[in-house]
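First up is the structure itself, then whatever we jot down about it.
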Amino acid sequence: QVQLVESGGGLVQPGGSLRLSCEASGRTFSSYTMAWFRQAPGKEREFVAAVNWSGNNTDYIDSVKGRFTISRDNPKNLVYLQMNSLKPEDTAVYSCAATRVNLDLFRVRAGMIYLYWGQGTQVTVSS
């Protein structure tokens, strides 16, 4: 069992930055591919980014490439999402998730493959 708790959300102006954190419980954290998803009001949940078990392989949706960076610190059981050059369309509840599917071998953008989810943190980009 893995429990995930996100933090770091808030209100930021367009062009600003935020760093989200996701803390995981459990001793097997390093065996999971970790990802961030987001869901805006009235829209379906959307994959944002994923990182493999070691942190040396990542995947991003096109709309955040070059602006967002996902990373992990296995000894601390933490996953981060650094978000720069934020836009109003990035406004959403951001959730982290864990799967045993290996990003190095398979595509990991489908939410149904994730076993564990955090409760989410609100990110609002507005002037």
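Letters for chains follow the order of the structure tokens (A, B, ...), residue numbers begin at 1 for each chain, and ligand numbers begin at 1 in the order shown.
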Practice item. Would you mind listing what lies within 12 Å of segment 16-19 of chain A as a PyMOL selection string, with only C-alpha atoms counted and same-chain residues fewer than 2 positions away left out? Key: chain A and resi 6-14+21-22+67-71+79-88+90-91+94+121-127
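For segment 57-108 of chain A, a DSSP pass over the backbone yields helix (DSSP H, G or I) at Asp62, Ser63, Val64, Asn74, Pro75, Lys76, Pro88, Glu89 and Asp90 of chain A.
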Put those residues in a file: N, CA, C and O atoms, as a PDB file, in the first residue's frame.
ATOM      1  N   ASP A  62       2.539  17.554 -24.694  1.00  0.00           N
ATOM      2  CA  ASP A  62       3.141  18.616 -25.500  1.00  0.00           C
ATOM      3  C   ASP A  62       2.918  20.002 -24.898  1.00  0.00           C
ATOM      4  O   ASP A  62       3.795  20.872 -24.984  1.00  0.00           O
ATOM      5  N   SER A  63       1.771  20.220 -24.297  1.00  0.00           N
ATOM      6  CA  SER A  63       1.431  21.557 -23.830  1.00  0.00           C
ATOM      7  C   SER A  63       2.288  22.035 -22.652  1.00  0.00           C
ATOM      8  O   SER A  63       2.283  23.225 -22.335  1.00  0.00           O
ATOM      9  N   VAL A  64       3.017  21.123 -22.009  1.00  0.00           N
ATOM     10  CA  VAL A  64       3.849  21.534 -20.871  1.00  0.00           C
ATOM     11  C   VAL A  64       5.335  21.338 -21.135  1.00  0.00           C
ATOM     12  O   VAL A  64       6.167  21.725 -20.298  1.00  0.00           O
ATOM     13  N   ASN A  74      14.324   9.541  -4.474  1.00  0.00           N
ATOM     14  CA  ASN A  74      13.932   8.245  -3.903  1.00  0.00           C
ATOM     15  C   ASN A  74      14.255   8.101  -2.422  1.00  0.00           C
ATOM     16  O   ASN A  74      13.426   7.583  -1.667  1.00  0.00           O
ATOM     17  N   PRO A  75      15.430   8.521  -1.965  1.00  0.00           N
ATOM     18  CA  PRO A  75      15.694   8.389  -0.514  1.00  0.00           C
ATOM     19  C   PRO A  75      14.694   9.139   0.347  1.00  0.00           C
ATOM     20  O   PRO A  75      14.451   8.748   1.496  1.00  0.00           O
ATOM     21  N   LYS A  76      14.096  10.208  -0.193  1.00  0.00           N
ATOM     22  CA  LYS A  76      13.130  10.996   0.565  1.00  0.00           C
ATOM     23  C   LYS A  76      11.678  10.663   0.223  1.00  0.00           C
ATOM     24  O   LYS A  76      10.760  11.266   0.780  1.00  0.00           O
ATOM     25  N   PRO A  88      -2.995  30.588 -17.724  1.00  0.00           N
ATOM     26  CA  PRO A  88      -4.327  30.366 -17.154  1.00  0.00           C
ATOM     27  C   PRO A  88      -4.886  28.982 -17.460  1.00  0.00           C
ATOM     28  O   PRO A  88      -5.577  28.395 -16.617  1.00  0.00           O
ATOM     29  N   GLU A  89      -4.555  28.429 -18.616  1.00  0.00           N
ATOM     30  CA  GLU A  89      -5.053  27.100 -18.973  1.00  0.00           C
ATOM     31  C   GLU A  89      -4.394  25.983 -18.179  1.00  0.00           C
ATOM     32  O   GLU A  89      -4.802  24.826 -18.291  1.00  0.00           O
ATOM     33  N   ASP A  90      -3.394  26.305 -17.363  1.00  0.00           N
ATOM     34  CA  ASP A  90      -2.809  25.300 -16.462  1.00  0.00           C
ATOM     35  C   ASP A  90      -3.610  25.175 -15.165  1.00  0.00           C
ATOM     36  O   ASP A  90      -3.324  24.292 -14.344  1.00  0.00           O
TER      37      ASP A  90
END
Check your understanding: For the atom pair atom CA of Ala50 of chain A and atom CA of Thr33 of chain A, what is the interatomic distance in Å to one decimal place?
Key -> 7.0 Å
Exercise for review: Please provide as number ranges by chain all residues within 12 Å of Gln3 of chain A, with the sequence filter that same-chain residues fewer than 4 positions apart are discarded (counting only C-alpha atoms).
Suggested key: A: 22-29, 77-78, 96-98, 115-119
Got time to write the residues from that selection, all heavy atoms, as a compact mmCIF listing (two decimals), in the first residue's frame?
# COMPACT_ATOMS: atom_id res chain seq x y z
N CYS A 22 5.02 15.71 -3.93
CA CYS A 22 4.19 14.55 -3.61
C CYS A 22 5.02 13.63 -2.72
O CYS A 22 6.06 13.12 -3.17
CB CYS A 22 3.76 13.84 -4.88
SG CYS A 22 2.89 12.28 -4.61
N GLU A 23 4.57 13.45 -1.50
CA GLU A 23 5.27 12.59 -0.56
C GLU A 23 4.58 11.24 -0.50
O GLU A 23 3.36 11.17 -0.33
CB GLU A 23 5.33 13.21 0.82
CG GLU A 23 6.13 12.39 1.82
CD GLU A 23 6.35 13.11 3.14
OE1 GLU A 23 5.72 14.16 3.36
OE2 GLU A 23 7.14 12.61 3.95
N ALA A 24 5.37 10.18 -0.63
CA ALA A 24 4.84 8.82 -0.64
C ALA A 24 5.23 8.08 0.62
O ALA A 24 6.35 8.23 1.12
CB ALA A 24 5.34 8.07 -1.87
N SER A 25 4.31 7.28 1.11
CA SER A 25 4.63 6.40 2.23
C SER A 25 5.09 5.06 1.66
O SER A 25 4.92 4.77 0.47
CB SER A 25 3.38 6.18 3.09
OG SER A 25 2.39 5.50 2.34
N GLY A 26 5.67 4.23 2.47
CA GLY A 26 6.05 2.90 2.03
C GLY A 26 7.51 2.78 1.66
O GLY A 26 8.15 3.76 1.27
N ARG A 27 8.03 1.56 1.74
CA ARG A 27 9.45 1.31 1.51
C ARG A 27 9.76 0.92 0.08
O ARG A 27 10.91 0.70 -0.25
CB ARG A 27 9.93 0.22 2.46
CG ARG A 27 9.89 0.64 3.92
CD ARG A 27 10.37 -0.50 4.81
NE ARG A 27 9.43 -1.60 4.81
CZ ARG A 27 9.64 -2.74 5.47
NH1 ARG A 27 10.75 -2.91 6.12
NH2 ARG A 27 8.72 -3.69 5.43
N THR A 28 8.72 0.80 -0.78
CA THR A 28 8.95 0.36 -2.15
C THR A 28 8.75 1.49 -3.15
O THR A 28 8.53 1.24 -4.33
CB THR A 28 8.00 -0.79 -2.50
OG1 THR A 28 6.64 -0.33 -2.36
CG2 THR A 28 8.24 -1.98 -1.61
N PHE A 29 8.87 2.71 -2.69
CA PHE A 29 8.61 3.88 -3.55
C PHE A 29 9.44 3.83 -4.83
O PHE A 29 8.94 4.13 -5.91
CB PHE A 29 8.94 5.15 -2.76
CG PHE A 29 8.90 6.40 -3.58
CD1 PHE A 29 7.69 6.92 -4.00
CD2 PHE A 29 10.06 7.08 -3.92
CE1 PHE A 29 7.64 8.09 -4.75
CE2 PHE A 29 10.02 8.23 -4.67
CZ PHE A 29 8.81 8.74 -5.08
N ASN A 77 11.48 9.73 -0.69
CA ASN A 77 10.13 9.35 -1.13
C ASN A 77 9.33 10.55 -1.65
O ASN A 77 8.15 10.72 -1.32
CB ASN A 77 9.35 8.69 0.02
CG ASN A 77 9.71 7.22 0.21
OD1 ASN A 77 10.74 6.77 -0.29
ND2 ASN A 77 8.90 6.49 0.93
N LEU A 78 9.97 11.36 -2.46
CA LEU A 78 9.33 12.55 -2.97
C LEU A 78 9.37 12.60 -4.50
O LEU A 78 10.34 12.19 -5.12
CB LEU A 78 10.01 13.81 -2.43
CG LEU A 78 9.75 14.14 -0.97
CD1 LEU A 78 10.73 15.21 -0.49
CD2 LEU A 78 8.32 14.63 -0.78
N CYS A 96 -0.85 13.45 -7.89
CA CYS A 96 0.21 12.52 -8.24
C CYS A 96 -0.34 11.09 -8.15
O CYS A 96 -1.34 10.84 -7.47
CB CYS A 96 1.44 12.69 -7.36
SG CYS A 96 1.21 12.29 -5.63
N ALA A 97 0.31 10.20 -8.85
CA ALA A 97 -0.15 8.82 -8.93
C ALA A 97 1.03 7.88 -9.12
O ALA A 97 2.08 8.29 -9.63
CB ALA A 97 -1.15 8.66 -10.08
N ALA A 98 0.83 6.63 -8.73
CA ALA A 98 1.90 5.63 -8.80
C ALA A 98 1.42 4.39 -9.54
O ALA A 98 0.30 3.91 -9.32
CB ALA A 98 2.33 5.25 -7.38
N LEU A 115 -2.22 2.66 -9.64
CA LEU A 115 -2.78 1.96 -8.49
C LEU A 115 -3.12 2.91 -7.35
O LEU A 115 -4.08 2.67 -6.60
CB LEU A 115 -1.79 0.92 -7.98
CG LEU A 115 -1.40 -0.20 -8.94
CD1 LEU A 115 -0.27 -1.02 -8.34
CD2 LEU A 115 -2.60 -1.08 -9.25
N TYR A 116 -2.31 3.93 -7.18
CA TYR A 116 -2.45 4.80 -6.03
C TYR A 116 -2.51 6.26 -6.48
O TYR A 116 -1.79 6.66 -7.41
CB TYR A 116 -1.28 4.60 -5.06
CG TYR A 116 -1.11 3.17 -4.63
CD1 TYR A 116 -0.07 2.41 -5.12
CD2 TYR A 116 -2.02 2.58 -3.75
CE1 TYR A 116 0.09 1.09 -4.74
CE2 TYR A 116 -1.87 1.27 -3.36
CZ TYR A 116 -0.82 0.52 -3.86
OH TYR A 116 -0.69 -0.79 -3.49
N TRP A 117 -3.35 7.03 -5.78
CA TRP A 117 -3.57 8.43 -6.11
C TRP A 117 -3.54 9.29 -4.85
O TRP A 117 -4.01 8.85 -3.79
CB TRP A 117 -4.93 8.61 -6.79
CG TRP A 117 -5.03 7.98 -8.13
CD1 TRP A 117 -5.30 6.66 -8.41
CD2 TRP A 117 -4.85 8.62 -9.39
NE1 TRP A 117 -5.30 6.46 -9.76
CE2 TRP A 117 -5.03 7.63 -10.40
CE3 TRP A 117 -4.57 9.92 -9.78
CZ2 TRP A 117 -4.93 7.93 -11.76
CZ3 TRP A 117 -4.47 10.21 -11.13
CH2 TRP A 117 -4.65 9.22 -12.10
N GLY A 118 -3.05 10.51 -5.01
CA GLY A 118 -3.17 11.47 -3.94
C GLY A 118 -4.50 12.20 -4.02
O GLY A 118 -5.28 12.00 -4.95
N GLN A 119 -4.72 13.06 -3.05
CA GLN A 119 -6.02 13.76 -2.98
C GLN A 119 -6.05 15.00 -3.88
O GLN A 119 -7.13 15.53 -4.16
CB GLN A 119 -6.32 14.17 -1.53
CG GLN A 119 -5.67 15.46 -1.07
CD GLN A 119 -4.17 15.36 -0.88
OE1 GLN A 119 -3.60 14.26 -0.89
NE2 GLN A 119 -3.51 16.50 -0.69
Check your understanding: Residues at most 7 Å from Ala49 of chain A, counting only C-alpha atoms, excluding those fewer than 2 positions away in the same chain, as a PyMOL selection string?
Key -> chain A and resi 35-36+47+59-61+70
Mind dumping the selected residues with N, CA and C atoms as an mmCIF file, in the first residue's frame?
data_model
loop_
_atom_site.group_PDB
_atom_site.id
_atom_site.type_symbol
_atom_site.label_atom_id
_atom_site.label_comp_id
_atom_site.auth_asym_id
_atom_site.auth_seq_id
_atom_site.Cartn_x
_atom_site.Cartn_y
_atom_site.Cartn_z
ATOM 1 N N ALA A 35 3.681 9.759 -11.605
ATOM 2 C CA ALA A 35 3.145 10.696 -12.590
ATOM 3 C C ALA A 35 2.333 11.790 -11.918
ATOM 4 N N TRP A 36 2.145 12.860 -12.668
ATOM 5 C CA TRP A 36 1.227 13.925 -12.296
ATOM 6 C C TRP A 36 0.107 13.983 -13.332
ATOM 7 N N PHE A 47 -3.353 13.465 -18.258
ATOM 8 C CA PHE A 47 -1.954 13.153 -17.929
ATOM 9 C C PHE A 47 -1.093 14.381 -18.195
ATOM 10 N N ASP A 59 8.351 11.639 -19.382
ATOM 11 C CA ASP A 59 7.384 11.806 -20.474
ATOM 12 C C ASP A 59 6.495 12.996 -20.116
ATOM 13 N N TYR A 60 6.193 13.837 -21.107
ATOM 14 C CA TYR A 60 5.383 15.026 -20.892
ATOM 15 C C TYR A 60 4.366 15.164 -22.017
ATOM 16 N N ILE A 61 3.218 15.754 -21.687
ATOM 17 C CA ILE A 61 2.317 16.135 -22.761
ATOM 18 C C ILE A 61 2.903 17.368 -23.446
ATOM 19 N N ILE A 70 9.425 17.213 -14.232
ATOM 20 C CA ILE A 70 9.133 16.232 -13.193
ATOM 21 C C ILE A 70 10.443 15.608 -12.731
#
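Rounded to one decimal, atom CA of Arg38 of chain A and atom CA of Ala110 of chain A lie 12.5 Å from each other.
If only C-alpha atoms are the atoms counted, then among A:Phe106, A:Gly15, A:Ala92, A:Ile113 the closest residue to Phe37 of chain A is A:Ala92.
With only C-alpha atoms as the atoms that count, the minimum distance from Glu44 of chain A to the choices A:Val108, A:Arg72, A:Val93, A:Lys65 is reached by A:Val93.
Taking atom CA of Met34 of chain A as the reference point, atom CA of Asn52 of chain A is found at 6.7 Å.
Nearest to Arg107 of chain A of all the residues A:Asn57, A:Gln39, A:Val5, A:Ser30 is A:Asn57, counting only C-alpha atoms.
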Point to revise | strand (DSSP E) residues, from DSSP on the backbone, in segment 12-122 of chain A, as a PyMOL selection string | key: chain A and resi 12+18-24+33-39+46-51+58-60+68-73+78-83+92-99+116-117+121-122
